[in-house]
file input-v7.tsv (TSV, C-alpha atoms)
chain	number	residue	atom	x	y	z
F	1	MET	CA	-8.38	-82.73	35.72
F	2	LYS	CA	-5.57	-84.70	34.09
F	3	PHE	CA	-3.01	-82.66	36.07
F	4	LEU	CA	-4.86	-83.42	39.32
F	5	THR	CA	-4.87	-87.15	38.53
F	6	VAL	CA	-1.10	-87.11	37.91
F	7	LEU	CA	-0.49	-85.10	41.08
F	8	LEU	CA	-2.51	-87.55	43.20
F	9	ALA	CA	-0.65	-90.48	41.65
F	10	LEU	CA	2.71	-88.83	42.48
F	11	ILE	CA	1.68	-88.23	46.10
F	12	SER	CA	0.53	-91.83	46.40
F	13	PHE	CA	3.89	-93.03	45.09
F	14	LEU	CA	5.85	-90.90	47.56
F	15	VAL	CA	3.98	-92.02	50.65
F	16	ALA	CA	3.50	-95.66	49.68
F	17	PRO	CA	6.78	-96.94	51.23
F	18	VAL	CA	5.67	-95.87	54.70
F	19	SER	CA	2.01	-96.84	54.45
F	20	VAL	CA	2.63	-100.58	54.19
F	21	PHE	CA	3.63	-100.95	57.85
F	22	SER	CA	1.00	-102.15	60.28
F	23	GLU	CA	0.44	-100.34	63.55
F	24	THR	CA	1.93	-103.19	65.57
F	25	GLU	CA	5.27	-102.83	63.80
F	26	PHE	CA	5.62	-99.42	65.48
F	27	THR	CA	5.07	-100.86	68.97
F	28	ASP	CA	7.99	-99.03	70.55
F	29	PHE	CA	8.51	-96.25	67.99
F	30	GLU	CA	7.57	-93.55	70.49
F	31	SER	CA	10.27	-94.67	72.94
F	32	ASN	CA	13.04	-95.32	70.41
F	33	PRO	CA	12.31	-93.53	67.11
F	34	GLU	CA	15.94	-93.42	65.93
F	35	PHE	CA	16.13	-97.21	66.20
F	36	LYS	CA	13.10	-97.67	63.95
F	37	ILE	CA	14.26	-95.00	61.49
F	38	ASN	CA	17.59	-96.83	61.09
F	39	GLN	CA	15.72	-100.05	60.35
F	40	ILE	CA	13.66	-98.30	57.66
F	41	ARG	CA	16.82	-96.65	56.31
F	42	GLN	CA	18.51	-100.02	55.77
F	43	LYS	CA	15.53	-101.36	53.85
F	44	TYR	CA	15.39	-98.22	51.71
F	45	LEU	CA	19.07	-98.39	50.79
F	46	GLN	CA	18.61	-101.98	49.61
F	47	LYS	CA	16.00	-100.93	47.02
F	48	ASP	CA	17.12	-101.29	43.41
F	49	THR	CA	15.76	-97.87	42.41
F	50	PRO	CA	15.64	-95.64	45.53
F	51	ASN	CA	13.56	-92.48	45.34
F	52	LEU	CA	16.06	-89.64	44.97
F	53	LEU	CA	13.71	-87.21	46.73
F	54	PHE	CA	14.49	-89.04	49.99
F	55	GLN	CA	18.19	-89.71	49.35
F	56	ASP	CA	19.50	-87.09	51.81
F	57	PHE	CA	17.13	-88.24	54.56
F	58	PHE	CA	18.12	-91.88	54.25
F	59	SER	CA	21.90	-91.39	53.92
F	60	GLN	CA	23.72	-92.32	57.12
F	61	GLN	CA	26.99	-90.91	58.42
F	62	TRP	CA	29.63	-92.92	60.24
F	63	ARG	CA	29.92	-92.72	64.01
F	64	PHE	CA	32.85	-93.60	66.24
F	65	PRO	CA	33.04	-97.39	66.78
F	66	ILE	CA	33.55	-96.91	70.54
F	67	GLN	CA	30.38	-96.69	72.61
F	68	ALA	CA	29.82	-93.52	74.64
F	69	PRO	CA	30.64	-92.17	77.10
F	70	ASN	CA	34.12	-93.64	76.50
F	71	SER	CA	36.97	-91.57	75.12
F	72	PHE	CA	39.80	-93.08	73.10
F	73	TYR	CA	43.30	-92.17	71.94
F	74	VAL	CA	44.33	-92.59	68.29
F	75	THR	CA	47.67	-94.39	68.39
F	76	GLN	CA	47.88	-94.73	64.60
F	77	GLY	CA	45.93	-92.90	61.92
F	78	TYR	CA	45.51	-93.01	58.18
F	79	ASN	CA	48.70	-94.10	56.37
F	80	GLY	CA	50.47	-94.66	59.71
F	81	ILE	CA	54.13	-95.67	59.47
F	82	PHE	CA	53.85	-98.81	61.64
F	83	SER	CA	51.19	-100.89	59.88
F	84	HIS	CA	48.86	-98.51	58.00
F	85	GLN	CA	50.98	-97.71	54.96
F	86	ASN	CA	48.62	-96.91	52.06
F	87	LYS	CA	45.70	-97.83	54.30
F	88	GLN	CA	42.94	-95.56	55.61
F	89	ALA	CA	42.55	-97.18	59.02
F	90	LEU	CA	42.49	-96.09	62.67
F	91	ASP	CA	43.92	-97.67	65.82
F	92	MET	CA	41.91	-96.59	68.87
F	93	SER	CA	43.15	-97.24	72.39
F	94	THR	CA	40.66	-97.29	75.29
F	95	PRO	CA	40.86	-99.75	78.22
F	96	ASN	CA	37.87	-102.12	78.19
F	97	GLY	CA	36.00	-99.89	75.75
F	98	VAL	CA	32.84	-101.32	74.21
F	99	VAL	CA	33.15	-101.73	70.43
F	100	ALA	CA	30.00	-100.56	68.61
F	101	ALA	CA	28.74	-100.75	65.03
F	102	ALA	CA	29.80	-97.58	63.24
F	103	GLN	CA	26.91	-97.83	60.80
F	104	SER	CA	23.86	-100.06	60.38
F	105	GLY	CA	24.18	-103.26	58.37
F	106	THR	CA	24.34	-107.05	58.43
F	107	VAL	CA	27.02	-109.00	60.29
F	108	GLY	CA	29.02	-110.82	57.62
F	109	ILE	CA	31.89	-112.39	59.57
F	110	VAL	CA	32.29	-113.35	63.22
F	111	ASN	CA	35.69	-114.92	63.99
F	112	PHE	CA	35.95	-115.35	67.77
F	113	GLY	CA	37.58	-117.90	70.06
F	114	GLY	CA	39.96	-120.76	69.30
F	115	LYS	CA	42.99	-119.62	67.35
F	116	TRP	CA	41.57	-116.09	67.13
F	117	ASP	CA	42.17	-115.63	70.89
F	118	GLY	CA	45.91	-115.92	70.21
F	119	TRP	CA	48.61	-113.24	70.00
F	120	CYS	CA	51.49	-112.88	67.54
F	121	ASN	CA	54.27	-110.32	67.16
F	122	SER	CA	55.45	-110.65	63.55
F	123	TYR	CA	54.08	-111.52	60.14
F	124	ASN	CA	55.68	-114.96	60.20
F	125	ASP	CA	54.60	-115.62	63.78
F	126	CYS	CA	50.99	-114.81	62.84
F	127	PHE	CA	51.19	-116.99	59.74
F	128	ASN	CA	52.62	-119.94	61.68
F	129	LYS	CA	49.80	-119.69	64.23
F	130	GLY	CA	47.14	-120.05	61.53
F	131	GLY	CA	46.95	-116.59	60.00
F	132	ILE	CA	45.67	-114.87	63.13
F	133	TRP	CA	46.68	-111.29	62.21
F	134	ASN	CA	43.21	-109.91	62.99
F	135	GLY	CA	42.63	-111.77	66.25
F	136	ASN	CA	38.98	-111.77	67.34
F	137	HIS	CA	37.14	-109.70	64.76
F	138	ILE	CA	33.79	-108.86	63.20
F	139	VAL	CA	32.92	-107.57	59.72
F	140	ILE	CA	29.64	-105.75	59.05
F	141	ASN	CA	28.34	-105.38	55.49
F	142	HIS	CA	26.44	-102.18	54.75
F	143	PRO	CA	23.64	-101.50	52.23
F	144	ASN	CA	25.86	-99.14	50.21
F	145	GLY	CA	28.28	-101.99	49.41
F	146	THR	CA	30.99	-101.12	51.96
F	147	SER	CA	32.16	-103.29	54.86
F	148	SER	CA	33.45	-102.16	58.27
F	149	TYR	CA	36.09	-104.16	60.17
F	150	TYR	CA	36.41	-104.35	63.99
F	151	ILE	CA	39.69	-106.08	64.82
F	152	HIS	CA	41.70	-107.34	67.87
F	153	MET	CA	38.81	-107.74	70.33
F	154	LYS	CA	39.20	-109.34	73.75
F	155	PRO	CA	38.62	-113.10	74.22
F	156	ASN	CA	35.13	-114.10	75.42
F	157	SER	CA	33.81	-110.57	74.79
F	158	LEU	CA	31.43	-111.28	71.89
F	159	MET	CA	28.12	-109.69	72.81
F	160	PRO	CA	25.06	-111.97	73.12
F	161	GLY	CA	22.95	-112.08	69.97
F	162	ILE	CA	25.78	-111.15	67.57
F	163	PHE	CA	26.10	-113.76	64.83
F	164	GLU	CA	26.66	-113.95	61.06
F	165	GLY	CA	23.52	-112.76	59.27
F	166	LYS	CA	22.36	-110.63	62.22
F	167	GLN	CA	20.98	-107.21	61.28
F	168	VAL	CA	22.42	-104.51	63.55
F	169	THR	CA	21.78	-100.81	63.84
F	170	ILE	CA	24.34	-98.07	64.34
F	171	GLY	CA	25.69	-98.20	67.91
F	172	THR	CA	24.94	-101.90	68.53
F	173	PRO	CA	27.53	-103.32	71.01
F	174	LEU	CA	29.76	-105.95	69.40
F	175	GLY	CA	32.56	-106.78	71.84
F	176	ILE	CA	35.33	-105.33	74.02
F	177	VAL	CA	38.58	-103.69	72.89
F	178	GLY	CA	41.46	-106.17	73.23
F	179	GLY	CA	44.92	-107.15	72.07
F	180	THR	CA	44.43	-110.41	70.16
F	181	GLY	CA	46.15	-111.03	66.83
F	182	PHE	CA	49.08	-108.94	65.62
F	183	THR	CA	49.31	-106.18	68.23
F	184	CYS	CA	52.50	-104.82	69.74
F	185	ASN	CA	53.66	-102.67	72.61
F	186	ILE	CA	56.98	-100.91	72.22
F	187	GLY	CA	59.44	-103.64	71.31
F	188	CYS	CA	56.66	-106.15	70.50
F	189	SER	CA	57.23	-108.07	73.73
F	190	ALA	CA	53.52	-108.11	74.71
F	191	PRO	CA	50.07	-107.39	73.24
F	192	PHE	CA	48.83	-103.82	72.92
F	193	GLU	CA	45.09	-103.45	73.46
F	194	HIS	CA	43.35	-101.29	70.87
F	195	LEU	CA	40.62	-101.43	68.23
F	196	HIS	CA	41.75	-101.50	64.62
F	197	PHE	CA	38.91	-100.00	62.55
F	198	GLN	CA	38.70	-99.71	58.78
F	199	VAL	CA	36.08	-99.61	56.06
F	200	ASN	CA	36.55	-101.33	52.72
F	201	SER	CA	34.94	-100.79	49.37
F	202	GLY	CA	35.96	-103.95	47.58
F	203	VAL	CA	39.64	-104.57	48.39
F	204	ASN	CA	40.42	-100.92	49.08
F	205	THR	CA	40.09	-99.04	52.36
F	206	ILE	CA	38.13	-95.78	52.16
F	207	SER	CA	37.91	-92.59	54.19
F	208	THR	CA	35.03	-92.48	56.70
F	209	PRO	CA	34.14	-88.96	57.95
F	210	PHE	CA	32.55	-89.26	61.41
F	211	GLU	CA	29.52	-87.38	62.66
F	212	ASP	CA	31.08	-87.30	66.15
F	213	CYS	CA	33.70	-84.91	64.76
F	214	GLN	CA	31.05	-82.20	64.59
F	215	ASN	CA	31.48	-81.77	68.35
F	216	VAL	CA	33.91	-78.92	69.07
F	217	ALA	CA	35.71	-81.04	71.68
F	218	ASN	CA	36.87	-83.45	68.97
F	219	ASN	CA	39.83	-82.10	67.00
F	220	CYS	CA	39.36	-83.75	63.61
F	221	VAL	CA	40.57	-82.82	60.13
F	222	ASN	CA	37.87	-83.14	57.48
F	223	ASN	CA	35.87	-85.09	60.09
F	224	ILE	CA	38.67	-87.68	60.44
F	225	PRO	CA	40.34	-88.31	63.86
F	226	GLN	CA	44.07	-87.63	63.86
F	227	GLU	CA	46.94	-89.67	65.29
F	228	GLY	CA	48.09	-88.51	68.72
F	229	ASN	CA	44.76	-87.01	69.83
F	230	ASP	CA	42.04	-87.97	72.31
F	231	TYR	CA	38.41	-88.20	71.18
F	232	LEU	CA	35.04	-88.64	72.84
F	233	SER	CA	32.15	-90.68	71.44
F	234	ILE	CA	29.08	-88.47	71.74
F	235	ASN	CA	26.43	-90.00	69.50
F	236	TYR	CA	25.45	-93.09	71.45
F	237	PRO	CA	23.22	-92.86	74.50
F	238	PRO	CA	24.71	-94.44	77.63
F	239	ALA	CA	23.97	-98.16	77.83
F	240	ASN	CA	21.40	-97.68	80.58
F	241	GLN	CA	19.38	-95.55	78.15
F	242	LEU	CA	19.99	-97.48	74.95
F	243	ASN	CA	19.22	-100.88	76.48
F	244	THR	CA	16.43	-100.01	78.92
F	245	GLY	CA	12.78	-100.60	78.16
F	246	PRO	CA	9.93	-103.14	78.14
F	247	ILE	CA	10.09	-106.83	77.19
F	248	TYR	CA	7.17	-106.92	74.76
F	249	LEU	CA	5.08	-109.84	73.64
F	250	TYR	CA	6.35	-109.77	70.07
F	251	GLY	CA	4.21	-107.46	67.92
F	252	GLN	CA	2.06	-106.33	70.88
F	253	ARG	CA	2.03	-103.56	73.45
F	254	LYS	CA	1.62	-106.04	76.31
F	255	ASN	CA	4.84	-106.66	78.21
F	256	ILE	CA	6.39	-108.47	81.18
F	257	ASP	CA	6.13	-106.64	84.51
F	258	GLN	CA	8.43	-106.85	87.54
F	259	ASN	CA	6.34	-109.71	88.95
F	260	LEU	CA	6.88	-111.81	85.79
F	261	ARG	CA	3.28	-111.37	84.71
F	262	ILE	CA	1.82	-110.03	81.47
F	263	SER	CA	0.76	-106.41	81.84
F	264	ASN	CA	-0.44	-103.38	79.88
F	265	ASN	CA	1.73	-101.09	82.03
F	266	LYS	CA	5.25	-100.64	80.68
F	267	THR	CA	8.02	-102.01	82.90
F	268	ASN	CA	11.61	-101.08	82.08
F	269	TRP	CA	14.13	-103.92	81.96
F	270	PHE	CA	17.85	-103.25	81.48
F	271	PHE	CA	19.44	-105.57	78.89
F	272	SER	CA	23.10	-105.30	79.92
F	273	PRO	CA	25.95	-105.48	77.38
F	274	THR	CA	26.83	-108.92	78.81
F	275	GLY	CA	23.29	-110.24	78.35
F	276	GLU	CA	21.70	-109.86	81.79
F	277	LEU	CA	18.05	-108.83	82.01
F	278	GLN	CA	17.86	-106.62	85.09
F	279	ILE	CA	14.99	-105.01	86.98
F	280	ASN	CA	15.57	-102.82	90.07
F	281	ASN	CA	19.24	-103.96	90.09
F	282	LEU	CA	18.17	-107.63	90.29
F	283	CYS	CA	18.55	-110.22	87.51
F	284	LEU	CA	16.15	-112.55	85.70
F	285	THR	CA	17.47	-116.04	86.48
F	286	ASP	CA	16.70	-119.53	85.15
F	287	ASN	CA	17.94	-122.22	87.53
F	288	GLY	CA	15.27	-124.75	86.62
F	289	SER	CA	12.56	-122.23	87.45
F	290	LEU	CA	12.27	-118.59	86.48
F	291	ALA	CA	12.94	-116.06	89.25
F	292	ILE	CA	14.32	-112.58	89.91
F	293	THR	CA	17.44	-112.87	92.08
F	294	THR	CA	20.60	-111.01	93.10
F	295	CYS	CA	22.90	-110.50	90.10
F	296	SER	CA	25.94	-112.81	90.16
F	297	ASN	CA	27.32	-112.62	86.60
F	298	THR	CA	26.50	-116.28	85.89
F	299	ASN	CA	25.20	-117.81	82.67
F	300	SER	CA	21.89	-118.63	84.37
F	301	GLN	CA	21.27	-114.86	84.34
F	302	LYS	CA	22.34	-114.26	80.73
F	303	TRP	CA	19.89	-114.21	77.85
F	304	THR	CA	20.20	-113.93	74.11
F	305	PRO	CA	17.67	-113.06	71.37
F	306	ASP	CA	17.11	-116.00	69.02
F	307	GLU	CA	16.27	-115.93	65.31
F	308	ASP	CA	12.67	-117.07	65.91
F	309	ASN	CA	11.87	-113.97	68.02
F	310	SER	CA	12.44	-115.79	71.31
F	311	ILE	CA	14.69	-114.87	74.26
F	312	LYS	CA	16.85	-117.83	75.31
F	313	ASN	CA	18.80	-118.48	78.52
F	314	ILE	CA	22.52	-119.09	77.92
F	315	GLN	CA	22.87	-121.81	80.59
F	316	THR	CA	19.67	-123.84	80.28
F	317	GLY	CA	18.89	-123.15	76.61
F	318	ARG	CA	15.25	-122.55	77.63
F	319	CYS	CA	13.10	-119.71	76.29
F	320	LEU	CA	10.75	-117.24	77.93
F	321	ALA	CA	7.18	-118.52	77.51
F	322	ARG	CA	3.57	-117.93	78.55
F	323	ALA	CA	0.46	-120.09	78.40
F	324	ASN	CA	-1.58	-117.32	76.74
F	325	ASP	CA	-1.60	-113.56	76.16
F	326	ASN	CA	-4.07	-112.66	78.92
F	327	ILE	CA	-3.21	-109.96	81.46
F	328	ASN	CA	-1.67	-111.39	84.68
F	329	THR	CA	-0.59	-114.63	82.98
F	330	ILE	CA	2.66	-115.81	84.62
F	331	VAL	CA	5.78	-115.87	82.39
F	332	THR	CA	7.90	-119.01	82.68
F	333	ALA	CA	10.94	-120.60	80.98
F	334	GLU	CA	10.27	-123.65	78.80
F	335	ASN	CA	12.09	-125.79	76.26
F	336	CYS	CA	12.34	-123.69	73.09
F	337	SER	CA	9.77	-124.70	70.49
F	338	GLY	CA	9.50	-121.69	68.18
F	339	SER	CA	5.82	-121.29	69.09
F	340	LEU	CA	3.97	-117.96	69.17
F	341	THR	CA	3.71	-118.18	72.97
F	342	GLN	CA	7.52	-117.92	73.15
F	343	GLU	CA	7.83	-114.78	71.01
F	344	PHE	CA	9.14	-111.84	73.04
F	345	ARG	CA	11.30	-108.84	72.20
F	346	HIS	CA	13.19	-106.45	74.41
F	347	VAL	CA	12.83	-102.84	73.22
F	348	SER	CA	16.58	-102.65	72.40
F	349	GLN	CA	16.43	-105.54	69.91
F	350	PRO	CA	16.13	-104.90	66.16
F	351	VAL	CA	12.86	-105.57	64.37
F	352	ILE	CA	13.24	-107.36	61.04
F	353	ILE	CA	11.26	-105.44	58.43
F	354	ASN	CA	10.05	-107.67	55.60
F	355	THR	CA	8.03	-105.14	53.64
F	356	PHE	CA	8.72	-101.64	52.33
call {"tool": "encode", "arguments": {"input": "input-v7.tsv", "output": "structure tokens"}}
result
Amino acid sequence: MKFLTVLLALISFLVAPVSVFSETEFTDFESNPEFKINQIRQKYLQKDTPNLLFQDFFSQQWRFPIQAPNSFYVTQGYNGIFSHQNKQALDMSTPNGVVAAAQSGTVGIVNFGGKWDGWCNSYNDCFNKGGIWNGNHIVINHPNGTSSYYIHMKPNSLMPGIFEGKQVTIGTPLGIVGGTGFTCNIGCSAPFEHLHFQVNSGVNTISTPFEDCQNVANNCVNNIPQEGNDYLSINYPPANQLNTGPIYLYGQRKNIDQNLRISNNKTNWFFSPTGELQINNLCLTDNGSLAITTCSNTNSQKWTPDEDNSIKNIQTGRCLARANDNINTIVTAENCSGSLTQEFRHVSQPVIINTF
């Protein structure tokens, strides 16, 4: 009897971390299980005394920081003679490639715009221009204590919803490959567009074996890309899969349909990398009133998730809203107030998990 009591207590301990989630927190689990698993993984890794029985399940490998289906060319590898001496870093060249988080974590630094848009071609030149060696760059802090660096991104390419303190999952778009900061073509007469990627543990760079290297098309050594070779990112779904799905009433299964009404029937909206919310190749637009119009790449058609679970228009600063949660209620855009009637979430957005 005593053995049975101990056994039941052990089972209860092992399953307890999962059992605390309410059903509504798994609203879109069936359509995007990997997304939810990564959220749970981050919370687990932050525990002071993680359960070693689940250590292998919750460990997360690195993935290429270039979003699929793009390929890239490694112009400089680990300990490269140009600027990577005694540094385990990679320079990846791919025209207009989308930079993506190589592992889940929390955005620690976002330096974009202003002096960071500049270019320099020597140490002294960079110093004199305000220390702009990195150009536009982002740093993500990971639960295991490491930090990943994404350097030299293109001006005005910061993805909507990326800010310091933002929790991101592996594969989250961050910006576009560029040539800001200290980048050089042959002879250093012009910028050279590429992504400089490195991971630090403290002040030291560390080796990051990539899961993408498991594909036979990628010629890696010990799962590390090599200078002078082409590689293909394989582990991220194309953007039209990763960013397509319903706009939910936050914490509910009800969502916004193509007629801008609340519905129980799932309607798939495409949240583009530049922040457009598209349906049937048309865009959700706020020009004083909410409407679905022809896409024109204007700020009136660009939306960003806010910290209070709202979705805000870039141009007007107004948030999606509804008078109540009843089926067929019309969705509008109103001045942001942080109220429950303005809480929405696109399926591609992270869910902040407060309990484990």
call {"tool": "closest_atom_pairs", "arguments": {"input": "input-v7.tsv", "of": "region 181-261 of chain F", "to": "region 279-300 of chain F", "cutoff": "10 Å", "atoms": "all atoms listed in the file", "output": "tab-separated table"}}
result
residue	atom	partner	partner_atom	distance
F:Thr244	CA	F:Ile279	CA	9.6
F:Asp257	CA	F:Ile279	CA	9.3
F:Gln258	CA	F:Ile279	CA	6.8
F:Asn259	CA	F:Ile292	CA	8.5
F:Leu260	CA	F:Ala291	CA	8.2
call {"tool": "atom_distance", "arguments": {"input": "input-v7.tsv", "atom1": "CA of Tyr78 (chain F)", "atom2": "CA of Cys220 (chain F)"}}
result
12.4 Å
call {"tool": "closest_residue", "arguments": {"input": "input-v7.tsv", "among": "F:Ile162, F:Thr267, F:Ile234, F:Gln252", "to": "Thr304 (chain F)", "atoms": "all atoms listed in the file"}}
result
F:Ile162
call {"tool": "atom_distance", "arguments": {"input": "input-v7.tsv", "atom1": "CA of Gln342 (chain F)", "atom2": "CA of Ser263 (chain F)"}}
result
15.9 Å
call {"tool": "residues_near_point", "arguments": {"input": "input-v7.tsv", "point": "(19.6, -115.7, 80.5)", "cutoff": "6 Å", "atoms": "all atoms listed in the file", "output": "list in words"}}
result
Ser300, Gln301, Lys302, Trp303, Asn313 and Ile314 of chain F
call {"tool": "write_last_selection", "arguments": {"input": "input-v7.tsv", "atoms": "C-alpha atoms", "output": "short mmCIF file (atom, residue, chain, number, x, y, z; two decimals), in the coordinates of the input"}}
result
data_model
loop_
_atom_site.label_atom_id
_atom_site.label_comp_id
_atom_site.auth_asym_id
_atom_site.auth_seq_id
_atom_site.Cartn_x
_atom_site.Cartn_y
_atom_site.Cartn_z
CA SER F 300 21.89 -118.63 84.37
CA GLN F 301 21.27 -114.86 84.34
CA LYS F 302 22.34 -114.26 80.73
CA TRP F 303 19.89 -114.21 77.85
CA ASN F 313 18.80 -118.48 78.52
CA ILE F 314 22.52 -119.09 77.92
#
call {"tool": "closest_residue", "arguments": {"input": "input-v7.tsv", "among": "F:Lys166, F:His84, F:His142, F:Lys115", "to": "Phe127 (chain F)", "atoms": "all atoms listed in the file"}}
result
F:Lys115
call {"tool": "closest_residue", "arguments": {"input": "input-v7.tsv", "among": "F:Ser122, F:Glu334, F:Thr208, F:Tyr150", "to": "Ala190 (chain F)", "atoms": "all atoms listed in the file"}}
result
F:Ser122
call {"tool": "residues_near_point", "arguments": {"input": "input-v7.tsv", "point": "(3.0, -106.5, 77.3)", "cutoff": "12 Å", "atoms": "all atoms listed in the file", "output": "PyMOL selection string"}}
result
chain F and resi 27-28+245-258+260-268+322+324-331+343-347
call {"tool": "closest_residue", "arguments": {"input": "input-v7.tsv", "among": "F:Pro65, F:Gly181, F:Pro305, F:Pro143", "to": "Cys126 (chain F)", "atoms": "all atoms listed in the file"}}
result
F:Gly181
